[in-house]
Amino acid sequence: MIEAENITKRRGETLALDRVSLRVPRGAVHGLIGADGAGKSTLFDILVTLLRPDSGQARIGGRDIVARWRDIRKTVGYMPAAFSLYGDLSVRENLEFFARIYRQSATRIVSLAGDVWAQLEPFSDRPAAKLSGGMKQKLALCCALIHDPEVLMLDEPTTGVDPTSRREFWEALRRLAEGGKTILVSTSYMDEAAKCDAIILLHRGRVLDALTPDEVGEHYRGSLYEIGSAGGAEAGGNAAEAHRLAVLRDWSLCRECYTFGDRLHLGLSLEGIHPETVYGYLRARGIDTGAVEIREAAPTVEDLFIQLTSTSSAAAADEVHAHTR
């Protein structure tokens with residue numbers, strides 16, 4: 001349904017997109033995962049015909065986005081990253097405004113997204129500017145759906161939204177996909193990758209990998225271990241943990257090591273290494289391992305992303321944590 005091949009775009013001197021390719025089949029939810037500055041918004045602007053690519057091609061429903069841009073705009077419902085509705089208009093007035101643009105009846109939103117509208121309707125007379133973050137995004141989704149598009153493109157729709165509203169929003173997206181909508185959604189929240197049928201990891205304008213959430217372990221190279229305190233979580237910045245981090249990063253087998261919540265994640269370049277080997281290395285470096293707990297860990301999307309972006313473990317981890325937490 002959505003096809004892009006070698007999309008390249010410069011913004012001034014910056015190469016915003018570097019030969020980006022992707023495919024999203026009909027009725028699927030695909031996630032475009034990346035930190036701020038990865039190129040997600042630039043790609044969305046191109047796919048919804050707000051920008052032209054410098055090179056490459058893209059089609060939506062078989063229609064070329066440049067040659068048939070008018071048809072694309074009828075086919076796609078778009079939610080930009082920034083809230084772009086009219087804050088001084090009420091919820092109902094915003095919906096009626098977009099319905100008139102598409103020559104539709106605002107009442108059809110009940111059949112298109114009745115469950116989302118049911119949560120919004122009690123606030124139908126409230127100005128959009130006075131809605132909570134989650135309700136603003138639900139209103140934006142309803143406005144994007146009013147012309148019953150085949151495709152939804154949502155640019156970071158849950159940024160700054162509370163966890164409950166995030167969950168409800170993703171539940172709504174899943175129901176829309178089950179009803180036949182094709183959805184491409186970008187996010188900097190790595191945990192949302194698990195809610196997608198497939199994910200595209202984007203970093204500094206380039207696709208690092210494309211996979212399903214279940215394939216993360218297969219794409220991760222080497223071994224991953226989680227290291228913490230056996231007696232419970234230590235406070236962040238604890239001197240003992242900081243010392244362990246420095247010692248582990250100095251190990252020749254260490255591919256990357258970084259804080260992960262209240263623990264450390266250690267990626268080793270070899271597979272099949274027993275945790276006792278890690279204990280032995282720490283003891284040989286003078287670290288008391290009596291209060292240390294080490295176990296093998298299943299890689300997450302964040303672990304894979306850090307590994308793929310790692311030029312130095314510290315720099316890669318710091319960049320990911322700075323933009324995805």
# chains A, B, ... in the order shown; residues from 1 in each chain; ligands from 1
$ closest_atom_pairs --of "stretch 201-275 of chain A" --to "stretch 289-300 of chain A" --cutoff "10 Å" --atoms "only C-alpha atoms" --output "tab-separated table"
residue	atom	partner	partner_atom	distance
A:Pro213	CA	A:Thr300	CA	8.7
A:Asp214	CA	A:Thr300	CA	9.8
A:Val216	CA	A:Thr300	CA	6.7
A:Gly217	CA	A:Pro299	CA	5.7
A:Glu218	CA	A:Pro299	CA	9.3
A:His219	CA	A:Pro299	CA	9.4
A:Tyr220	CA	A:Pro299	CA	7.0
A:Arg221	CA	A:Pro299	CA	9.7
A:Ser223	CA	A:Glu296	CA	7.7
A:Leu224	CA	A:Ala297	CA	5.6
A:Tyr225	CA	A:Glu296	CA	4.4
A:Glu226	CA	A:Arg295	CA	5.5
A:Ile227	CA	A:Ile294	CA	4.6
A:Gly228	CA	A:Glu293	CA	5.3
A:Ser229	CA	A:Val292	CA	4.7
A:Ala230	CA	A:Glu293	CA	4.8
A:Gly231	CA	A:Ala291	CA	6.6
A:Gly232	CA	A:Ala291	CA	9.3
A:Glu241	CA	A:Val292	CA	9.8
A:Arg244	CA	A:Val292	CA	10.0
A:Arg263	CA	A:Glu293	CA	9.8
A:Leu264	CA	A:Ile294	CA	9.5
A:His265	CA	A:Ala297	CA	8.3
A:Leu266	CA	A:Ala297	CA	9.3
A:Gly267	CA	A:Pro299	CA	9.4
A:Gly272	CA	A:Glu296	CA	9.9
A:Ile273	CA	A:Glu296	CA	9.3
A:His274	CA	A:Glu296	CA	8.5
A:Pro275	CA	A:Arg295	CA	6.3
$ select_by_dssp --residues "stretch 108-265 of chain A" --states "strand (DSSP E)" --output "PyMOL selection string"
chain A and resi 151-155+182-187+198-203+206-211+223-229+254-260+263-265
$ residues_around --residues "A:Lys136" --least-positions-apart "2" --cutoff "10 Å" --atoms "only C-alpha atoms" --output "number ranges by chain"
A: 83-85, 87, 91, 120, 128-134, 138-142, 157, 161
$ write_last_selection --atoms "C-alpha atoms" --output "mmCIF file, in the first residue's frame"
data_model
loop_
_atom_site.group_PDB
_atom_site.id
_atom_site.type_symbol
_atom_site.label_atom_id
_atom_site.label_comp_id
_atom_site.auth_asym_id
_atom_site.auth_seq_id
_atom_site.Cartn_x
_atom_site.Cartn_y
_atom_site.Cartn_z
ATOM 1 C CA PHE A 83 -0.883 19.896 17.196
ATOM 2 C CA SER A 84 -2.256 21.860 14.243
ATOM 3 C CA LEU A 85 -5.976 22.204 14.912
ATOM 4 C CA GLY A 87 -7.339 26.020 19.595
ATOM 5 C CA VAL A 91 -13.974 20.033 19.561
ATOM 6 C CA LEU A 120 -14.278 13.002 23.073
ATOM 7 C CA ALA A 128 -9.386 22.447 21.585
ATOM 8 C CA ALA A 129 -6.626 24.450 23.279
ATOM 9 C CA LYS A 130 -8.021 23.463 26.697
ATOM 10 C CA LEU A 131 -8.003 19.714 26.063
ATOM 11 C CA SER A 132 -5.458 17.412 27.675
ATOM 12 C CA GLY A 133 -2.607 16.136 25.505
ATOM 13 C CA GLY A 134 -4.288 12.777 25.003
ATOM 14 C CA LYS A 138 -7.768 11.864 19.740
ATOM 15 C CA LEU A 139 -9.404 14.933 18.209
ATOM 16 C CA ALA A 140 -6.611 15.163 15.625
ATOM 17 C CA LEU A 141 -7.146 11.486 14.789
ATOM 18 C CA CYS A 142 -10.880 12.038 14.288
ATOM 19 C CA PRO A 157 1.152 11.054 17.852
ATOM 20 C CA VAL A 161 0.881 12.013 26.177
#
$ atom_distance --atom1 "atom CA of A:Pro163" --atom2 "atom CA of A:Asp303"
21.7 Å
$ closest_residue --among "A:Leu282, A:Asp191, A:Thr75, A:Arg255" --to "A:Arg167" --atoms "only C-alpha atoms"
A:Asp191
$ closest_residue --among "A:Ala38, A:Glu156, A:Ala28, A:Thr107" --to "A:Val185" --atoms "only C-alpha atoms"
A:Glu156
$ closest_residue --among "A:Gly39, A:Gly12, A:Gly61, A:Gly205" --to "A:Gly27" --atoms "only C-alpha atoms"
A:Gly61
$ select_by_dssp --residues "stretch 124-264 of chain A" --states "helix (DSSP H, G or I)" --output "PyMOL selection string"
chain A and resi 128-130+133-145+163-178+190-195+213-219+239-249
$ atom_distance --atom1 "atom CA of A:Met79" --atom2 "atom CA of A:Ala4"
19.3 Å
$ closest_residue --among "A:Ser124, A:Gln119, A:Ser55, A:Ser41" --to "A:Leu184" --atoms "only C-alpha atoms"
A:Ser41
$ atom_distance --atom1 "atom CA of A:Ala99" --atom2 "atom CA of A:Ser111"
13.9 Å
$ closest_residue --among "A:Thr8, A:Thr42, A:Thr309, A:Thr277" --to "A:His203" --atoms "only C-alpha atoms"
A:Thr309
